[in-house]
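As provided, model.cif (mmCIF, C-alpha atoms; chains and numbers go by the auth columns) reads as follows.
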```
data_query
loop_
_atom_site.group_PDB
_atom_site.id
_atom_site.type_symbol
_atom_site.label_atom_id
_atom_site.label_comp_id
_atom_site.label_asym_id
_atom_site.label_seq_id
_atom_site.Cartn_x
_atom_site.Cartn_y
_atom_site.Cartn_z
_atom_site.B_iso_or_equiv
_atom_site.auth_seq_id
_atom_site.auth_asym_id
ATOM 1 C CA GLN A 1 133.726 152.364 118.166 0.00 1 S
ATOM 2 C CA VAL A 2 134.996 149.278 116.368 0.00 2 S
ATOM 3 C CA GLN A 3 137.111 149.256 113.238 0.00 3 S
ATOM 4 C CA LEU A 4 136.877 146.250 110.960 0.00 4 S
ATOM 5 C CA VAL A 5 139.243 145.293 108.158 0.00 5 S
ATOM 6 C CA GLU A 6 138.426 142.407 105.841 0.00 6 S
ATOM 7 C CA SER A 7 141.034 140.514 103.852 0.00 7 S
ATOM 8 C CA GLY A 8 141.475 137.297 101.906 0.00 8 S
ATOM 9 C CA GLY A 9 139.343 138.004 98.877 0.00 9 S
ATOM 10 C CA GLY A 10 140.493 137.348 95.355 0.00 10 S
ATOM 11 C CA LEU A 11 139.845 135.722 91.995 0.00 11 S
ATOM 12 C CA VAL A 12 139.341 131.961 92.046 0.00 12 S
ATOM 13 C CA GLN A 13 137.781 129.279 89.890 0.00 13 S
ATOM 14 C CA ALA A 14 134.555 127.463 90.592 0.00 14 S
ATOM 15 C CA GLY A 15 135.126 124.699 93.116 0.00 15 S
ATOM 16 C CA ASP A 16 138.036 126.463 94.812 0.00 16 S
ATOM 17 C CA SER A 17 138.215 127.652 98.400 0.00 17 S
ATOM 18 C CA LEU A 18 138.982 130.955 100.077 0.00 18 S
ATOM 19 C CA ARG A 19 139.223 132.057 103.672 0.00 19 S
ATOM 20 C CA LEU A 20 138.212 135.571 104.524 0.00 20 S
ATOM 21 C CA SER A 21 139.421 137.275 107.671 0.00 21 S
ATOM 22 C CA CYS A 22 138.021 140.237 109.520 0.00 22 S
ATOM 23 C CA ALA A 23 140.299 141.914 112.028 0.00 23 S
ATOM 24 C CA ALA A 24 138.672 144.109 114.636 0.00 24 S
ATOM 25 C CA SER A 25 140.067 146.857 116.798 0.00 25 S
ATOM 26 C CA GLY A 26 138.553 149.257 119.240 0.00 26 S
ATOM 27 C CA ARG A 27 135.881 148.177 121.667 0.00 27 S
ATOM 28 C CA THR A 28 135.799 144.701 123.180 0.00 28 S
ATOM 29 C CA PHE A 29 135.458 142.414 120.199 0.00 29 S
ATOM 30 C CA SER A 30 134.443 139.381 122.223 0.00 30 S
ATOM 31 C CA ALA A 31 131.396 141.162 123.617 0.00 31 S
ATOM 32 C CA TYR A 32 129.490 141.031 120.345 0.00 32 S
ATOM 33 C CA ALA A 33 128.116 138.603 117.859 0.00 33 S
ATOM 34 C CA MET A 34 129.451 139.006 114.337 0.00 34 S
ATOM 35 C CA GLY A 35 128.159 138.517 110.842 0.00 35 S
ATOM 36 C CA TRP A 36 129.222 138.267 107.221 0.00 36 S
ATOM 37 C CA PHE A 37 127.198 139.790 104.421 0.00 37 S
ATOM 38 C CA ARG A 38 127.790 140.152 100.711 0.00 38 S
ATOM 39 C CA GLN A 39 126.649 142.498 98.008 0.00 39 S
ATOM 40 C CA THR A 40 126.674 142.644 94.239 0.00 40 S
ATOM 41 C CA PRO A 41 126.062 145.762 92.158 0.00 41 S
ATOM 42 C CA GLY A 42 122.438 146.798 92.053 0.00 42 S
ATOM 43 C CA LYS A 43 121.372 144.413 94.799 0.00 43 S
ATOM 44 C CA GLU A 44 120.786 144.761 98.509 0.00 44 S
ATOM 45 C CA ARG A 45 123.302 143.506 100.996 0.00 45 S
ATOM 46 C CA GLU A 46 122.690 139.793 101.561 0.00 46 S
ATOM 47 C CA PHE A 47 123.177 137.849 104.791 0.00 47 S
ATOM 48 C CA VAL A 48 125.775 135.078 104.645 0.00 48 S
ATOM 49 C CA ALA A 49 126.609 133.904 108.170 0.00 49 S
ATOM 50 C CA HIS A 50 126.381 134.842 111.845 0.00 50 S
ATOM 51 C CA ILE A 51 128.308 133.772 114.925 0.00 51 S
ATOM 52 C CA SER A 52 127.595 134.412 118.596 0.00 52 S
ATOM 53 C CA TRP A 53 130.081 136.093 120.908 0.00 53 S
ATOM 54 C CA ARG A 54 131.788 132.880 121.993 0.00 54 S
ATOM 55 C CA GLY A 55 131.241 131.074 118.743 0.00 55 S
ATOM 56 C CA GLY A 56 128.795 128.586 120.160 0.00 56 S
ATOM 57 C CA ARG A 57 125.966 129.493 117.808 0.00 57 S
ATOM 58 C CA THR A 58 126.230 129.888 114.072 0.00 58 S
ATOM 59 C CA TYR A 59 123.657 130.531 111.387 0.00 59 S
ATOM 60 C CA TYR A 60 123.948 130.472 107.623 0.00 60 S
ATOM 61 C CA ALA A 61 122.047 131.547 104.590 0.00 61 S
ATOM 62 C CA ASP A 62 120.551 128.590 102.757 0.00 62 S
ATOM 63 C CA SER A 63 122.642 129.432 99.711 0.00 63 S
ATOM 64 C CA VAL A 64 125.918 128.825 101.562 0.00 64 S
ATOM 65 C CA ASN A 65 124.941 126.293 104.224 0.00 65 S
ATOM 66 C CA GLY A 66 127.224 123.273 104.021 0.00 66 S
ATOM 67 C CA ARG A 67 129.862 125.133 101.996 0.00 67 S
ATOM 68 C CA PHE A 68 130.799 128.091 104.202 0.00 68 S
ATOM 69 C CA THR A 69 131.927 128.057 107.826 0.00 69 S
ATOM 70 C CA ILE A 70 132.096 131.064 110.114 0.00 70 S
ATOM 71 C CA SER A 71 134.430 131.018 113.098 0.00 71 S
ATOM 72 C CA ARG A 72 136.139 133.447 115.433 0.00 72 S
ATOM 73 C CA ASP A 73 139.243 133.773 117.529 0.00 73 S
ATOM 74 C CA ASN A 74 138.549 136.275 120.288 0.00 74 S
ATOM 75 C CA ALA A 75 142.169 136.224 121.408 0.00 75 S
ATOM 76 C CA LYS A 76 143.093 137.562 117.971 0.00 76 S
ATOM 77 C CA ASN A 77 140.028 139.784 117.588 0.00 77 S
ATOM 78 C CA THR A 78 139.334 138.096 114.287 0.00 78 S
ATOM 79 C CA VAL A 79 136.372 136.422 112.634 0.00 79 S
ATOM 80 C CA TYR A 80 136.776 134.126 109.647 0.00 80 S
ATOM 81 C CA LEU A 81 134.688 132.877 106.783 0.00 81 S
ATOM 82 C CA GLN A 82 135.919 129.654 105.229 0.00 82 S
ATOM 83 C CA MET A 83 134.359 129.307 101.793 0.00 83 S
ATOM 84 C CA ASN A 84 134.542 125.961 100.025 0.00 84 S
ATOM 85 C CA SER A 85 133.116 124.719 96.746 0.00 85 S
ATOM 86 C CA LEU A 86 132.788 128.256 95.504 0.00 86 S
ATOM 87 C CA LYS A 87 130.333 129.012 92.734 0.00 87 S
ATOM 88 C CA PRO A 88 130.155 131.927 90.285 0.00 88 S
ATOM 89 C CA GLU A 89 127.046 133.141 92.108 0.00 89 S
ATOM 90 C CA ASP A 90 129.188 133.651 95.214 0.00 90 S
ATOM 91 C CA THR A 91 130.888 136.537 93.444 0.00 91 S
ATOM 92 C CA ALA A 92 130.360 139.662 95.554 0.00 92 S
ATOM 93 C CA VAL A 93 131.944 142.120 97.915 0.00 93 S
ATOM 94 C CA TYR A 94 132.000 140.496 101.328 0.00 94 S
ATOM 95 C CA TYR A 95 131.549 142.562 104.474 0.00 95 S
ATOM 96 C CA CYS A 96 131.948 141.667 108.116 0.00 96 S
ATOM 97 C CA ALA A 97 129.858 143.424 110.712 0.00 97 S
ATOM 98 C CA VAL A 98 129.418 143.728 114.467 0.00 98 S
ATOM 99 C CA ASP A 99 126.016 142.860 115.906 0.00 99 S
ATOM 100 C CA ARG A 100 124.571 145.013 118.662 0.00 100 S
ATOM 101 C CA VAL A 101 124.108 141.975 120.961 0.00 101 S
ATOM 102 C CA LEU A 102 126.104 139.017 122.341 0.00 102 S
ATOM 103 C CA TYR A 103 123.955 136.470 120.557 0.00 103 S
ATOM 104 C CA ARG A 104 120.565 136.194 118.954 0.00 104 S
ATOM 105 C CA ALA A 105 118.321 133.373 117.894 0.00 105 S
ATOM 106 C CA SER A 106 116.479 135.405 115.305 0.00 106 S
ATOM 107 C CA ASP A 107 116.853 138.405 113.012 0.00 107 S
ATOM 108 C CA TYR A 108 120.539 137.619 112.491 0.00 108 S
ATOM 109 C CA SER A 109 120.010 138.186 108.772 0.00 109 S
ATOM 110 C CA VAL A 110 118.779 141.739 109.271 0.00 110 S
ATOM 111 C CA ALA A 111 121.515 144.159 108.281 0.00 111 S
ATOM 112 C CA GLY A 112 120.006 146.867 110.474 0.00 112 S
ATOM 113 C CA ASN A 113 120.930 144.864 113.584 0.00 113 S
ATOM 114 C CA TYR A 114 124.626 145.343 112.894 0.00 114 S
ATOM 115 C CA ILE A 115 126.225 148.524 114.121 0.00 115 S
ATOM 116 C CA TYR A 116 129.730 148.497 112.643 0.00 116 S
ATOM 117 C CA TRP A 117 130.812 147.460 109.170 0.00 117 S
ATOM 118 C CA GLY A 118 134.064 146.914 107.372 0.00 118 S
ATOM 119 C CA HIS A 119 134.836 148.234 103.908 0.00 119 S
ATOM 120 C CA GLY A 120 134.576 144.848 102.244 0.00 120 S
ATOM 121 C CA THR A 121 136.749 142.488 100.240 0.00 121 S
ATOM 122 C CA GLN A 122 136.023 141.408 96.673 0.00 122 S
ATOM 123 C CA VAL A 123 135.506 137.735 95.896 0.00 123 S
ATOM 124 C CA THR A 124 135.261 136.762 92.245 0.00 124 S
ATOM 125 C CA VAL A 125 134.549 133.193 91.189 0.00 125 S
ATOM 126 C CA SER A 126 135.031 132.338 87.536 0.00 126 S
ATOM 127 C CA SER A 127 133.242 129.462 85.852 0.00 127 S
#
```
Before we go any further, please render this structure as structure tokens.
Amino acid sequence: QVQLVESGGGLVQAGDSLRLSCAASGRTFSAYAMGWFRQTPGKEREFVAHISWRGGRTYYADSVNGRFTISRDNAKNTVYLQMNSLKPEDTAVYYCAVDRVLYRASDYSVAGNYIYWGHGTQVTVSS
């Protein structure tokens, strides 16, 4: 079992930056790839970013590529999402999740591949 707690969300203006954190406890954090997803009311959970167990491989949704950066610190059992140049359409609840594998080269955007989820942190970007 892994417990995940997201933090760092808030209300910002378009063009601002935020850094989300996801602290993990429980099973060996470094043994799994991690992902960030987001969700707005009435919509399905949307893939944002994925990072392999050592951080050597990262993948991003097209909508955030070049603006967001996922990273991890296994010594601190924490994964981060640096979000720059935020847009109103980035407004959502952001969730971190634990993948069932060390790394993957495909299907990283499939929510069903993630076995543990946090409760989310709200990010609101005003125009």
Write out as a PDB file with C-alpha atoms, in the coordinates of the input the residues lying within 7 Å of region 83-94 of chain S, counting all atoms listed in the file and excluding same-chain residues fewer than 3 positions away.
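The file below, result02.pdb, is the result:
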```
ATOM      1  CA  ALA S  14     134.555 127.463  90.592  1.00  0.00           C
ATOM      2  CA  GLY S  15     135.126 124.699  93.116  1.00  0.00           C
ATOM      3  CA  ASP S  16     138.036 126.463  94.812  1.00  0.00           C
ATOM      4  CA  SER S  17     138.215 127.652  98.400  1.00  0.00           C
ATOM      5  CA  LEU S  18     138.982 130.955 100.077  1.00  0.00           C
ATOM      6  CA  ARG S  19     139.223 132.057 103.672  1.00  0.00           C
ATOM      7  CA  TRP S  36     129.222 138.267 107.221  1.00  0.00           C
ATOM      8  CA  PHE S  37     127.198 139.790 104.421  1.00  0.00           C
ATOM      9  CA  ARG S  38     127.790 140.152 100.711  1.00  0.00           C
ATOM     10  CA  GLN S  39     126.649 142.498  98.008  1.00  0.00           C
ATOM     11  CA  THR S  40     126.674 142.644  94.239  1.00  0.00           C
ATOM     12  CA  ARG S  67     129.862 125.133 101.996  1.00  0.00           C
ATOM     13  CA  PHE S  68     130.799 128.091 104.202  1.00  0.00           C
ATOM     14  CA  THR S  69     131.927 128.057 107.826  1.00  0.00           C
ATOM     15  CA  GLY S 120     134.576 144.848 102.244  1.00  0.00           C
ATOM     16  CA  THR S 121     136.749 142.488 100.240  1.00  0.00           C
ATOM     17  CA  GLN S 122     136.023 141.408  96.673  1.00  0.00           C
ATOM     18  CA  VAL S 123     135.506 137.735  95.896  1.00  0.00           C
ATOM     19  CA  THR S 124     135.261 136.762  92.245  1.00  0.00           C
ATOM     20  CA  VAL S 125     134.549 133.193  91.189  1.00  0.00           C
ATOM     21  CA  SER S 126     135.031 132.338  87.536  1.00  0.00           C
ATOM     22  CA  SER S 127     133.242 129.462  85.852  1.00  0.00           C
TER      23      SER S 127
END
```
Thr78 (chain S): which residues within 6 Å, counting only C-alpha atoms, same-chain residues fewer than 4 positions away excluded, as an mmCIF file with C-alpha atoms, in the frame of the given file?
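What ended up in result-v7.cif:
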```
data_model
loop_
_atom_site.group_PDB
_atom_site.id
_atom_site.type_symbol
_atom_site.label_atom_id
_atom_site.label_comp_id
_atom_site.auth_asym_id
_atom_site.auth_seq_id
_atom_site.Cartn_x
_atom_site.Cartn_y
_atom_site.Cartn_z
ATOM 1 C CA CYS S 22 138.021 140.237 109.520
ATOM 2 C CA ALA S 23 140.299 141.914 112.028
ATOM 3 C CA ARG S 72 136.139 133.447 115.433
ATOM 4 C CA ASP S 73 139.243 133.773 117.529
#
```
Residues near Trp53 (chain S), cut-off 7 Å, only C-alpha atoms, skip fewer than 4 positions along chain, as a PyMOL selection string: chain S and resi 30-33+102-103
Point-to-point distance in Å for CA of Ala111 (chain S) and CA of Ala97 (chain S):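 Calculated distance between CA of Ala97 (chain S) and CA of Ala111 (chain S) is 8.7 Å.
The residues returned by the PyMOL selection byres ((chain S and resi 28) around 10) on the shown structure are Gln1, Val2, Ala24, Ser25, Gly26, Arg27, Phe29, Ser30, Ala31, Tyr32, Asn74 and Asn77 of chain S.
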